[in-house]
>>> print(open('run16.cif').read())   # mmCIF, C-alpha atoms and all ligand atoms
data_protein
#
loop_
_atom_site.label_atom_id
_atom_site.label_comp_id
_atom_site.auth_asym_id
_atom_site.auth_seq_id
_atom_site.Cartn_x
_atom_site.Cartn_y
_atom_site.Cartn_z
CA MET A 9 27.81 -83.30 84.50
CA LYS A 10 27.30 -86.45 82.43
CA ILE A 11 30.33 -88.73 82.53
CA MET A 12 31.38 -90.06 79.14
CA ASN A 13 32.20 -93.70 79.72
CA SER A 14 31.74 -95.18 76.27
CA TRP A 15 33.18 -94.32 72.90
CA LYS A 16 31.01 -96.66 70.86
CA ASP A 17 30.35 -93.61 68.72
CA PRO A 18 33.52 -91.48 68.51
CA SER A 19 31.78 -88.81 66.40
CA ARG A 20 30.56 -87.45 69.76
CA TYR A 21 34.03 -85.92 70.12
CA LEU A 22 33.23 -83.43 67.32
CA GLN A 23 32.54 -79.84 68.35
CA HIS A 24 32.26 -77.90 65.11
CA ILE A 25 31.61 -78.43 61.40
CA HIS A 26 33.20 -76.32 58.66
CA VAL A 27 31.67 -76.32 55.19
CA GLU A 28 33.58 -75.42 52.05
CA GLU A 29 31.52 -72.76 50.29
CA SER A 30 30.95 -74.69 47.07
CA CYS A 31 29.49 -77.64 49.05
CA LEU A 32 26.93 -75.60 50.90
CA GLN A 33 24.07 -76.13 48.45
CA LEU A 34 24.52 -79.89 48.16
CA ALA A 35 21.60 -81.80 49.62
CA TYR A 36 24.05 -84.24 51.21
CA THR A 37 25.81 -81.41 53.08
CA GLN A 38 22.50 -80.20 54.45
CA GLU A 39 21.58 -83.73 55.57
CA ILE A 40 24.84 -84.04 57.50
CA LEU A 41 24.42 -80.64 59.14
CA ASP A 42 20.85 -81.52 60.17
CA ARG A 43 21.84 -84.88 61.62
CA ALA A 44 24.86 -83.50 63.49
CA GLY A 45 23.11 -80.60 65.20
CA LEU A 46 26.52 -78.99 65.81
CA PRO A 47 27.57 -75.37 65.29
CA TRP A 48 28.86 -74.84 61.76
CA SER A 49 30.48 -72.17 59.63
CA VAL A 50 31.33 -71.58 55.98
CA VAL A 51 34.88 -71.55 54.63
CA ALA A 52 35.91 -69.97 51.32
CA ASP A 53 36.90 -72.56 48.72
CA ARG A 54 40.44 -73.93 49.13
CA GLU A 55 40.94 -72.02 52.41
CA GLU A 56 41.92 -73.67 55.69
CA PRO A 57 38.86 -74.21 57.87
CA VAL A 58 40.40 -73.42 61.26
CA ARG A 59 43.65 -72.29 62.87
CA PHE A 60 45.14 -73.43 66.15
CA ASP A 61 47.56 -71.95 68.66
CA CYS A 62 50.11 -74.69 68.10
CA ASP A 63 51.48 -76.42 65.01
CA TYR A 64 50.89 -79.85 63.54
CA PRO A 65 51.03 -82.49 65.03
CA GLN A 66 50.61 -80.95 68.52
CA ASN A 67 47.24 -79.60 67.37
CA LEU A 68 45.87 -83.03 66.44
CA GLY A 69 43.94 -83.51 69.70
CA ALA A 70 42.07 -80.25 69.16
CA GLY A 71 41.91 -80.67 65.38
CA LYS A 72 40.00 -83.93 65.66
CA GLN A 73 37.07 -81.98 67.13
CA HIS A 74 36.62 -80.23 63.77
CA LEU A 75 34.91 -81.82 60.77
CA PHE A 76 35.53 -80.22 57.38
CA LEU A 77 32.93 -81.01 54.70
CA SER A 78 34.73 -80.44 51.43
CA ILE A 79 35.19 -81.43 47.80
CA ASN A 80 37.64 -84.11 46.81
CA ARG A 81 39.34 -82.64 43.75
CA GLY A 82 41.60 -85.65 43.33
CA GLN A 83 40.98 -89.34 42.77
CA PHE A 84 38.63 -91.27 45.04
CA PHE A 85 39.61 -94.76 43.94
CA LYS A 86 43.13 -96.22 43.87
CA PRO A 87 45.03 -99.47 44.37
CA CYS A 88 46.24 -99.85 47.97
CA PRO A 89 49.84 -98.63 48.15
CA GLY A 90 51.42 -102.02 48.87
CA THR A 91 55.12 -102.52 48.20
CA ARG A 92 56.74 -105.05 45.92
CA GLU A 93 59.02 -106.33 48.67
CA TYR A 94 56.18 -107.87 50.71
CA GLN A 95 53.21 -110.07 49.82
CA CYS A 96 50.22 -107.81 49.23
CA CYS A 97 46.51 -108.63 48.85
CA SER A 98 45.65 -106.43 45.81
CA TYR A 99 43.18 -104.31 47.70
CA HIS A 100 41.65 -101.07 46.44
CA VAL A 101 41.07 -97.98 48.51
CA LEU A 102 38.05 -95.70 48.28
CA ASN A 103 39.09 -92.39 49.75
CA THR A 104 36.03 -90.90 51.47
CA GLY A 105 37.90 -88.52 53.77
CA MET A 106 40.97 -88.07 55.93
CA ASN A 107 41.63 -88.53 59.64
CA CYS A 108 39.20 -89.70 62.32
CA PRO A 109 37.96 -88.67 65.79
CA MET A 110 39.73 -91.53 67.55
CA ASP A 111 43.41 -91.21 68.42
CA CYS A 112 45.63 -94.27 68.20
CA VAL A 113 49.22 -93.89 69.34
CA TYR A 114 50.42 -95.94 66.36
CA CYS A 115 48.18 -94.24 63.75
CA ILE A 116 50.26 -93.88 60.60
CA LEU A 117 48.11 -90.93 59.49
CA GLN A 118 49.88 -88.76 62.06
CA ALA A 119 52.97 -89.00 59.87
CA TYR A 120 51.13 -88.76 56.52
CA LEU A 121 48.82 -85.80 57.12
CA ASN A 122 49.66 -82.10 57.42
CA ASN A 123 46.33 -80.93 58.83
CA PRO A 124 44.76 -81.82 62.15
CA TRP A 125 41.06 -81.62 61.26
CA ILE A 126 38.90 -84.43 59.86
CA SER A 127 37.94 -84.08 56.21
CA PHE A 128 34.87 -85.72 54.73
CA TYR A 129 34.16 -85.47 51.00
CA VAL A 130 30.57 -84.60 50.17
CA ASN A 131 30.80 -84.78 46.36
CA ILE A 132 29.77 -88.41 46.50
CA GLU A 133 28.08 -88.38 43.10
CA ALA A 134 31.53 -87.84 41.60
CA MET A 135 32.82 -90.67 43.77
CA LEU A 136 30.15 -93.10 42.57
CA SER A 137 30.70 -92.09 38.92
CA GLU A 138 34.41 -92.73 39.29
CA LEU A 139 33.67 -96.13 40.84
CA ASP A 140 31.21 -96.99 38.07
CA ALA A 141 33.80 -96.20 35.43
CA ALA A 142 36.51 -98.27 37.13
CA LEU A 143 34.35 -101.31 37.91
CA ASP A 144 32.58 -101.34 34.57
CA ALA A 145 35.85 -101.04 32.65
CA GLU A 146 37.02 -104.41 34.01
CA PRO A 147 33.91 -106.56 34.43
CA ASP A 148 35.95 -109.78 34.66
CA ARG A 149 38.13 -108.54 37.47
CA LEU A 150 37.21 -108.91 41.16
CA PHE A 151 37.64 -105.86 43.35
CA ARG A 152 37.91 -105.86 47.14
CA ILE A 153 37.52 -102.25 48.16
CA GLY A 154 37.91 -100.59 51.54
CA THR A 155 37.23 -97.13 52.91
CA GLY A 156 39.33 -97.61 56.05
CA GLU A 157 42.75 -96.63 54.74
CA PHE A 158 42.80 -92.88 55.49
CA THR A 159 39.97 -92.78 58.00
CA ASP A 160 37.75 -95.13 60.02
CA SER A 161 34.89 -96.49 57.88
CA LEU A 162 32.10 -96.04 60.46
CA ALA A 163 33.31 -93.48 63.02
CA LEU A 164 31.35 -90.63 61.37
CA ASP A 165 28.49 -92.75 60.06
CA ARG A 166 25.84 -91.41 62.49
CA LEU A 167 26.33 -88.02 60.80
CA THR A 168 27.15 -88.98 57.23
CA GLY A 169 25.02 -92.10 56.65
CA LEU A 170 27.62 -93.02 54.04
CA SER A 171 27.50 -96.74 54.86
CA LYS A 172 23.90 -96.98 53.65
CA ILE A 173 24.78 -95.37 50.31
CA LEU A 174 27.82 -97.58 49.79
CA VAL A 175 26.27 -100.86 50.93
CA GLU A 176 23.33 -100.39 48.57
CA TYR A 177 25.66 -99.33 45.74
CA PHE A 178 27.93 -102.39 46.12
CA ALA A 179 24.95 -104.75 46.41
CA ARG A 180 24.35 -104.05 42.71
CA LYS A 181 27.97 -104.55 41.62
CA LYS A 182 28.73 -108.12 40.54
CA ASN A 183 32.50 -107.75 40.54
CA ALA A 184 33.12 -105.88 43.79
CA VAL A 185 32.99 -106.35 47.55
CA LEU A 186 33.16 -103.48 50.01
CA GLU A 187 34.94 -103.76 53.34
CA LEU A 188 33.96 -101.29 56.07
CA LYS A 189 36.67 -101.35 58.73
CA THR A 190 36.24 -99.74 62.13
CA LYS A 191 37.20 -99.47 65.78
CA SER A 192 33.80 -98.02 66.64
CA ALA A 193 30.47 -99.76 67.24
CA VAL A 194 28.38 -97.51 64.98
CA ILE A 195 26.30 -100.07 63.09
CA GLU A 196 22.77 -98.63 63.25
CA ASN A 197 22.70 -97.58 59.58
CA LEU A 198 23.58 -101.11 58.46
CA GLN A 199 20.30 -102.61 59.65
CA ASN A 200 17.69 -103.61 57.07
CA LEU A 201 19.94 -102.97 54.06
CA GLU A 202 19.84 -105.21 50.97
CA HIS A 203 23.59 -105.86 51.06
CA ASN A 204 23.43 -108.94 48.81
CA GLY A 205 26.53 -110.35 50.50
CA HIS A 206 28.69 -107.64 48.90
CA THR A 207 29.70 -105.85 52.09
CA VAL A 208 32.04 -107.22 54.76
CA ILE A 209 32.01 -105.45 58.12
CA ALA A 210 35.44 -105.54 59.73
CA TRP A 211 36.86 -104.66 63.11
CA SER A 212 40.44 -103.98 64.06
CA LEU A 213 41.16 -105.90 67.23
CA ASN A 214 43.99 -105.90 69.71
CA SER A 215 44.62 -107.16 73.22
CA PRO A 216 42.43 -105.43 75.86
CA ALA A 217 45.51 -103.71 77.33
CA ILE A 218 46.55 -102.22 73.97
CA MET A 219 42.99 -101.21 73.10
CA GLY A 220 42.63 -99.46 76.46
CA ARG A 221 46.03 -97.73 76.49
CA GLU A 222 46.89 -97.02 72.87
CA GLU A 223 43.52 -96.49 71.10
CA LEU A 224 41.89 -93.38 72.56
CA ARG A 225 38.15 -92.85 72.09
CA SER A 226 37.68 -96.27 70.48
CA ALA A 227 34.94 -98.77 71.37
CA THR A 228 35.88 -101.42 73.92
CA LEU A 229 36.49 -105.03 72.91
CA ALA A 230 33.06 -106.04 74.26
CA GLU A 231 31.38 -103.21 72.32
CA ARG A 232 33.14 -104.09 69.06
CA LEU A 233 32.32 -107.80 69.40
CA GLU A 234 28.68 -107.15 70.28
CA ALA A 235 28.40 -104.95 67.18
CA ALA A 236 30.01 -107.73 65.12
CA ARG A 237 27.57 -110.29 66.51
CA VAL A 238 24.61 -108.12 65.52
CA CYS A 239 26.02 -107.56 62.01
CA ALA A 240 26.38 -111.33 61.59
CA GLU A 241 22.71 -111.65 62.57
CA TRP A 242 21.90 -109.14 59.83
CA GLY A 243 23.59 -111.49 57.38
CA TYR A 244 26.84 -109.62 56.86
CA LYS A 245 30.13 -111.43 56.46
CA LEU A 246 32.67 -110.27 59.05
CA ALA A 247 36.40 -109.69 59.07
CA PHE A 248 38.91 -108.97 61.82
CA HIS A 249 42.29 -107.33 61.64
CA PHE A 250 44.86 -108.00 64.34
CA ASP A 251 46.95 -105.08 63.26
CA PRO A 252 49.20 -103.77 64.67
CA LEU A 253 50.23 -106.69 66.84
CA ILE A 254 52.33 -105.25 69.63
CA ASP A 255 55.08 -106.95 71.57
CA TYR A 256 54.69 -105.96 75.24
CA PRO A 257 55.01 -107.82 78.56
CA GLY A 258 52.05 -110.17 78.78
CA TRP A 259 51.08 -110.06 75.09
CA GLN A 260 50.51 -113.83 74.99
CA ASP A 261 47.68 -113.70 77.55
CA GLY A 262 46.29 -110.45 76.16
CA TYR A 263 45.86 -111.74 72.62
CA ARG A 264 44.53 -115.07 73.89
CA GLU A 265 41.82 -113.22 75.82
CA THR A 266 40.76 -111.27 72.73
CA ILE A 267 40.73 -114.35 70.50
CA ASP A 268 38.74 -116.38 73.07
CA LEU A 269 36.15 -113.60 73.35
CA LEU A 270 36.00 -113.20 69.58
CA PHE A 271 35.03 -116.82 69.02
CA GLN A 272 32.62 -116.82 71.97
CA SER A 273 30.86 -113.77 70.51
CA VAL A 274 30.44 -114.34 66.79
CA PRO A 275 29.64 -117.47 64.74
CA LYS A 276 32.90 -118.58 63.22
CA GLN A 277 31.24 -119.34 59.86
CA SER A 278 30.44 -115.64 59.47
CA ILE A 279 34.13 -114.66 59.38
CA ALA A 280 35.44 -114.18 55.84
CA TRP A 281 39.00 -113.23 56.71
CA ILE A 282 41.37 -112.39 59.55
CA SER A 283 44.59 -110.50 58.96
CA LEU A 284 47.72 -110.30 61.07
CA GLY A 285 50.28 -107.53 60.91
CA ALA A 286 52.98 -106.66 63.42
CA LEU A 287 53.64 -103.02 64.31
CA ARG A 288 55.41 -101.17 61.48
CA TYR A 289 55.77 -97.46 61.00
CA LEU A 290 57.51 -94.70 59.12
CA PRO A 291 60.53 -93.55 61.20
CA LYS A 292 58.93 -90.08 61.46
CA LEU A 293 56.00 -91.55 63.39
CA LYS A 294 58.17 -92.52 66.36
CA GLU A 295 59.04 -88.92 67.12
CA ILE A 296 55.42 -87.82 66.78
CA GLY A 297 54.10 -90.71 68.88
CA ILE A 298 56.57 -90.17 71.71
CA ASP A 299 55.86 -86.45 71.73
CA ARG A 300 52.06 -86.76 71.67
CA PHE A 301 51.79 -89.80 73.95
CA PRO A 302 54.67 -89.65 76.42
CA GLY A 303 53.15 -92.45 78.54
CA SER A 304 53.21 -94.99 75.71
CA ARG A 305 56.02 -97.56 75.53
CA ILE A 306 55.26 -99.08 72.13
CA PHE A 307 58.12 -97.35 70.32
CA PHE A 308 60.70 -98.41 72.93
CA GLN A 309 61.49 -101.81 71.45
CA GLU A 310 64.14 -103.05 69.09
CA PHE A 311 63.24 -102.35 65.48
CA ILE A 312 64.97 -102.76 62.16
CA GLU A 313 64.30 -100.89 58.95
CA GLY A 314 62.31 -103.10 56.58
CA LEU A 315 62.66 -103.27 52.79
CA ASP A 316 59.85 -100.69 52.51
CA GLY A 317 61.69 -98.18 54.72
CA LYS A 318 59.34 -98.80 57.67
CA SER A 319 60.56 -99.82 61.11
CA ARG A 320 59.54 -103.37 62.06
CA TYR A 321 60.29 -105.84 64.84
CA TYR A 322 63.15 -108.22 64.11
CA ARG A 323 62.05 -111.15 62.01
CA LYS A 324 62.65 -113.60 64.89
CA ASN A 325 60.34 -111.58 67.16
CA ARG A 326 57.69 -111.22 64.46
CA THR A 327 57.73 -114.97 63.94
CA ILE A 328 57.23 -115.62 67.67
CA LEU A 329 54.28 -113.19 67.81
CA TYR A 330 52.69 -114.57 64.66
CA ARG A 331 53.16 -118.26 65.55
CA HIS A 332 51.39 -117.86 68.88
CA ILE A 333 48.48 -115.86 67.49
CA TYR A 334 48.11 -117.86 64.26
CA THR A 335 47.94 -121.10 66.28
CA LEU A 336 45.21 -119.69 68.53
CA LEU A 337 43.21 -118.51 65.52
CA LYS A 338 43.68 -121.64 63.44
CA GLU A 339 42.43 -123.83 66.32
CA ARG A 340 39.21 -121.82 66.53
CA ALA A 341 38.47 -120.54 63.02
CA ALA A 342 36.18 -122.15 60.44
CA VAL A 343 37.89 -123.98 57.59
CA GLY A 344 36.65 -121.38 55.09
CA THR A 345 38.08 -118.36 56.94
CA CYS A 346 41.19 -116.97 55.25
CA ILE A 347 43.90 -116.04 57.75
CA TYR A 348 46.58 -113.97 56.10
CA PHE A 349 49.45 -111.60 56.75
CA CYS A 350 49.26 -107.98 55.75
CA MET A 351 52.57 -107.03 54.08
CA GLU A 352 54.85 -109.84 55.17
CA SER A 353 57.63 -111.74 53.42
CA ARG A 354 57.38 -115.17 51.81
CA GLU A 355 59.82 -116.43 54.46
CA ILE A 356 57.45 -115.46 57.29
CA TRP A 357 54.49 -117.09 55.51
CA GLN A 358 56.46 -120.29 55.12
CA GLU A 359 57.80 -120.31 58.68
CA VAL A 360 54.48 -119.57 60.37
CA MET A 361 51.78 -120.94 58.09
CA GLY A 362 53.82 -123.65 56.36
CA TYR A 363 53.05 -122.42 52.84
CA ILE A 364 53.35 -119.36 50.65
CA PRO A 365 50.38 -117.64 48.97
CA ASP A 366 51.60 -118.60 45.47
CA GLN A 367 50.68 -122.21 46.25
CA PHE A 368 47.02 -121.12 46.39
CA GLY A 369 47.24 -118.60 43.57
CA SER A 370 47.90 -115.46 45.60
CA ILE A 371 46.59 -113.72 48.73
CA ALA A 372 44.05 -111.99 46.50
CA ALA A 373 42.79 -115.32 45.14
CA MET A 374 42.56 -116.77 48.68
CA LEU A 375 40.49 -113.78 49.85
CA ASP A 376 38.32 -113.66 46.76
CA ARG A 377 37.26 -117.27 47.30
CA THR A 378 35.80 -116.38 50.71
CA VAL A 379 33.38 -113.78 49.32
CA PHE A 380 32.81 -114.68 45.70
CA PRO A 381 31.31 -118.19 45.66
CA VAL A 382 33.02 -120.48 43.16
CA GLY A 383 30.85 -120.73 40.07
CA LYS A 384 29.55 -117.21 40.55
CA MET A 385 33.01 -115.72 40.29
CA PRO A 386 33.78 -113.53 37.36
CA ARG A 387 36.96 -114.71 35.66
CA PRO A 388 39.93 -113.43 37.74
S1 LIG A 401 41.02 -95.46 64.26
FE1 LIG A 401 42.39 -95.71 62.50
S2 LIG A 401 42.37 -93.72 61.47
FE2 LIG A 401 41.54 -93.40 63.52
S3 LIG A 401 43.29 -92.81 64.78
FE3 LIG A 401 43.08 -95.03 64.98
S4 LIG A 401 44.44 -95.91 63.40
FE4 LIG A 401 44.12 -93.72 62.89
#
>>> encode(input="run16.cif", output="structure tokens")
Amino acid sequence: MKIMNSWKDPSRYLQHIHVEESCLQLAYTQEILDRAGLPWSVVADREEPVRFDCDYPQNLGAGKQHLFLSINRGQFFKPCPGTREYQCCSYHVLNTGMNCPMDCVYCILQAYLNNPWISFYVNIEAMLSELDAALDAEPDRLFRIGTGEFTDSLALDRLTGLSKILVEYFARKKNAVLELKTKSAVIENLQNLEHNGHTVIAWSLNSPAIMGREELRSATLAERLEAARVCAEWGYKLAFHFDPLIDYPGWQDGYRETIDLLFQSVPKQSIAWISLGALRYLPKLKEIGIDRFPGSRIFFQEFIEGLDGKSRYYRKNRTILYRHIYTLLKERAAVGTCIYFCMESREIWQEVMGYIPDQFGSIAAMLDRTVFPVGKMPRP
């Protein structure tokens, strides 16, 4: 028996594809079925694709082996659901599907979703029309848009080839930049694309111990960084997200190791932005995480309820984490790389970075400057 020792491509976890009846005739559906080479079956419209012996969320491990090709009957494109209480970066989310074949102990989707399978929306012509309408309606506004909010941007890309469609679409859009965010190393479809500098390829990073223990079926640190190096060679801008930062015995050395390897692996000038965000979660997630991953210790810390109703580390502990990691990054990063906090308070910005985003316009303005060259920027 072949031993699986790498999860560079987590789509290999899939066992079965279910196709909503009204999608069956779409050429895109057929392409995906051909590329996957997996057993597949048809599901009547609006019916559940598969049933399991146990209930959600206990069925998530099995559910993630099932891919459901379906129609998105709602909106594809929305502002990121930031909260007023914390400093947000005015991101937009392109919803291409739900759930992913990896399994992170801290994954917030476990608490958001009701179904265990992975959904992927095949009515992409509707998606692109909706995008056209939104981007064309505000030609003077800059949009940073990500597909990694409700799924991983590249985990299914070997089957879907969606990255190629999106990269080529965004290359033609003057007022938008796409961010593809992943924990995989599935980059093959990104080669030889005319991206025109309008796609940023991003990796979520953590310490090697957290990646190994808490992110099941994800690519290793070395695999993610090698993929990033190759993407930089292909001319893509890169981004990295240290999120969630986790407070555990030895975190200082763990994060130092990751940051050292990051800057040994990729040219620092290729990095557009790096975000930092300490572990935060809906209270419901703790119960699910402890139940599904009894060996994990990440929920056994002291937390307080934040202004957004999510549990967070105490401010003093967040500041200690951030100071250490921000210092390591700042010493190594290029001057033009924007290092920012995802959903943090003004007080934390001031304490750790010594300024607040308002002094530079806003987080959005700081990020926009890294990808839209001054002079070519549409009016913000
Ligand atoms: S890779 Fe992202 S979407 Fe997938 S399980 Fe982990 S946190 Fe959730």
>>> axis_aligned_box(input="run16.cif", around="segment 240-255 of chain A", padding_each_side="8 Å", output="lines of an AutoDock Vina configuration file")
center_x = 38.5
center_y = -107.7
center_z = 64.0
size_x = 49.2
size_y = 23.9
size_z = 31.1
>>> residues_around(input="run16.cif", residues="segment 56-62 of chain A", least_positions_apart="2", cutoff="12 Å", atoms="only C-alpha atoms", output="PyMOL selection string")
chain A and resi 24-29+48-54+64-78+122-127
>>> residues_around(input="run16.cif", residues="Gly317 of chain A", least_positions_apart="2", cutoff="12 Å", atoms="only C-alpha atoms", output="tab-separated table (two decimals) with C-alpha atoms, in the coordinates of the input")
chain	number	residue	atom	x	y	z
A	91	THR	CA	55.12	-102.52	48.20
A	93	GLU	CA	59.02	-106.33	48.67
A	94	TYR	CA	56.18	-107.87	50.71
A	288	ARG	CA	55.41	-101.17	61.48
A	289	TYR	CA	55.77	-97.46	61.00
A	290	LEU	CA	57.51	-94.70	59.12
A	291	PRO	CA	60.53	-93.55	61.20
A	292	LYS	CA	58.93	-90.08	61.46
A	311	PHE	CA	63.24	-102.35	65.48
A	312	ILE	CA	64.97	-102.76	62.16
A	313	GLU	CA	64.30	-100.89	58.95
A	314	GLY	CA	62.31	-103.10	56.58
A	315	LEU	CA	62.66	-103.27	52.79
A	319	SER	CA	60.56	-99.82	61.11
A	320	ARG	CA	59.54	-103.37	62.06
>>> residues_near_ligand(input="run16.cif", ligand="ligand LIG 401 (chain A)", cutoff="10 Å", atoms="all atoms listed in the file", output="PyMOL selection string")
chain A and resi 18+72+106-118+156-163+189-192+212+222-227+251-252
>>> residues_around(input="run16.cif", residues="Trp357 of chain A", least_positions_apart="4", cutoff="10 Å", atoms="all atoms listed in the file", output="list of chain:residue names")
A:Gln95, A:Thr327, A:Tyr330, A:Tyr348, A:Phe349, A:Glu352, A:Ser353, A:Met361, A:Gly362, A:Tyr363, A:Ile364, A:Pro365
>>> closest_residue(input="run16.cif", among="A:Phe84, A:Phe151, A:Phe128, A:Phe271", to="His100 of chain A", atoms="all atoms listed in the file")
A:Phe151
>>> residues_around(input="run16.cif", residues="Ala179 of chain A", least_positions_apart="6", cutoff="10 Å", atoms="only C-alpha atoms", output="ChimeraX atom specification")
/A:185-186,201-207
>>> residues_around(input="run16.cif", residues="Leu34 of chain A", least_positions_apart="5", cutoff="9 Å", atoms="only C-alpha atoms", output="list in words")
Glu39, Val130 and Asn131 of chain A
>>> closest_residue(input="run16.cif", among="A:Leu293, A:Leu170, A:Glu146, A:Leu136", to="Leu121 of chain A", atoms="only C-alpha atoms")
A:Leu293
>>> atom_distance(input="run16.cif", atom1="atom CA of Leu143 of chain A", atom2="atom CA of Ala184 of chain A")
7.5 Å
>>> closest_residue(input="run16.cif", among="A:Asp148, A:Asp165, A:Asp140, A:Asp255", to="Tyr321 of chain A", atoms="only C-alpha atoms")
A:Asp255
>>> atom_distance(input="run16.cif", atom1="atom CA of Thr345 of chain A", atom2="atom CA of Leu270 of chain A")
13.8 Å
>>> closest_residue(input="run16.cif", among="A:Leu167, A:Ile40, A:Ile79, A:Ala342", to="Ala134 of chain A", atoms="all atoms listed in the file")
A:Ile79
>>> closest_residue(input="run16.cif", among="A:Ile254, A:Leu284, A:Val238, A:Ile333", to="Ile267 of chain A", atoms="all atoms listed in the file")
A:Ile333
>>> atom_distance(input="run16.cif", atom1="atom CA of Val208 of chain A", atom2="atom CA of Tyr244 of chain A")
6.1 Å
>>> closest_residue(input="run16.cif", among="A:Leu246, A:Leu32, A:Ile218, A:Val343", to="Arg305 of chain A", atoms="all atoms listed in the file")
A:Ile218
>>> build_atoms(input="run16.cif", residues="segment 128-144 of chain A", atoms="N, CA and C atoms", output="compact mmCIF listing (two decimals), in the frame of the given file")
# COMPACT_ATOMS: atom_id res chain seq x y z
N PHE A 128 35.82 -84.76 55.31
CA PHE A 128 34.87 -85.72 54.73
C PHE A 128 34.40 -85.14 53.40
N TYR A 129 34.48 -85.97 52.34
CA TYR A 129 34.16 -85.47 51.00
C TYR A 129 32.68 -85.64 50.71
N VAL A 130 32.02 -84.54 50.38
CA VAL A 130 30.57 -84.60 50.17
C VAL A 130 30.18 -84.70 48.69
N ASN A 131 31.15 -84.62 47.80
CA ASN A 131 30.80 -84.78 46.36
C ASN A 131 30.74 -86.27 46.01
N ILE A 132 29.79 -86.94 46.65
CA ILE A 132 29.77 -88.41 46.50
C ILE A 132 29.24 -88.85 45.15
N GLU A 133 28.52 -87.97 44.45
CA GLU A 133 28.08 -88.38 43.10
C GLU A 133 29.30 -88.57 42.21
N ALA A 134 30.29 -87.69 42.36
CA ALA A 134 31.53 -87.84 41.60
C ALA A 134 32.24 -89.13 42.01
N MET A 135 32.18 -89.44 43.29
CA MET A 135 32.82 -90.67 43.77
C MET A 135 32.18 -91.90 43.14
N LEU A 136 30.84 -91.93 43.12
CA LEU A 136 30.15 -93.10 42.57
C LEU A 136 30.35 -93.19 41.06
N SER A 137 30.43 -92.05 40.38
CA SER A 137 30.70 -92.09 38.92
C SER A 137 32.09 -92.66 38.66
N GLU A 138 33.04 -92.22 39.48
CA GLU A 138 34.41 -92.73 39.29
C GLU A 138 34.45 -94.25 39.53
N LEU A 139 33.72 -94.69 40.55
CA LEU A 139 33.67 -96.13 40.84
C LEU A 139 33.02 -96.88 39.68
N ASP A 140 31.89 -96.36 39.20
CA ASP A 140 31.21 -96.99 38.07
C ASP A 140 32.17 -97.20 36.91
N ALA A 141 32.90 -96.13 36.58
CA ALA A 141 33.80 -96.20 35.43
C ALA A 141 34.87 -97.26 35.66
N ALA A 142 35.43 -97.30 36.86
CA ALA A 142 36.51 -98.27 37.13
C ALA A 142 36.00 -99.70 37.15
N LEU A 143 34.86 -99.94 37.78
CA LEU A 143 34.35 -101.31 37.91
C LEU A 143 33.81 -101.81 36.57
N ASP A 144 33.16 -100.92 35.84
CA ASP A 144 32.58 -101.34 34.57
C ASP A 144 33.65 -101.56 33.49
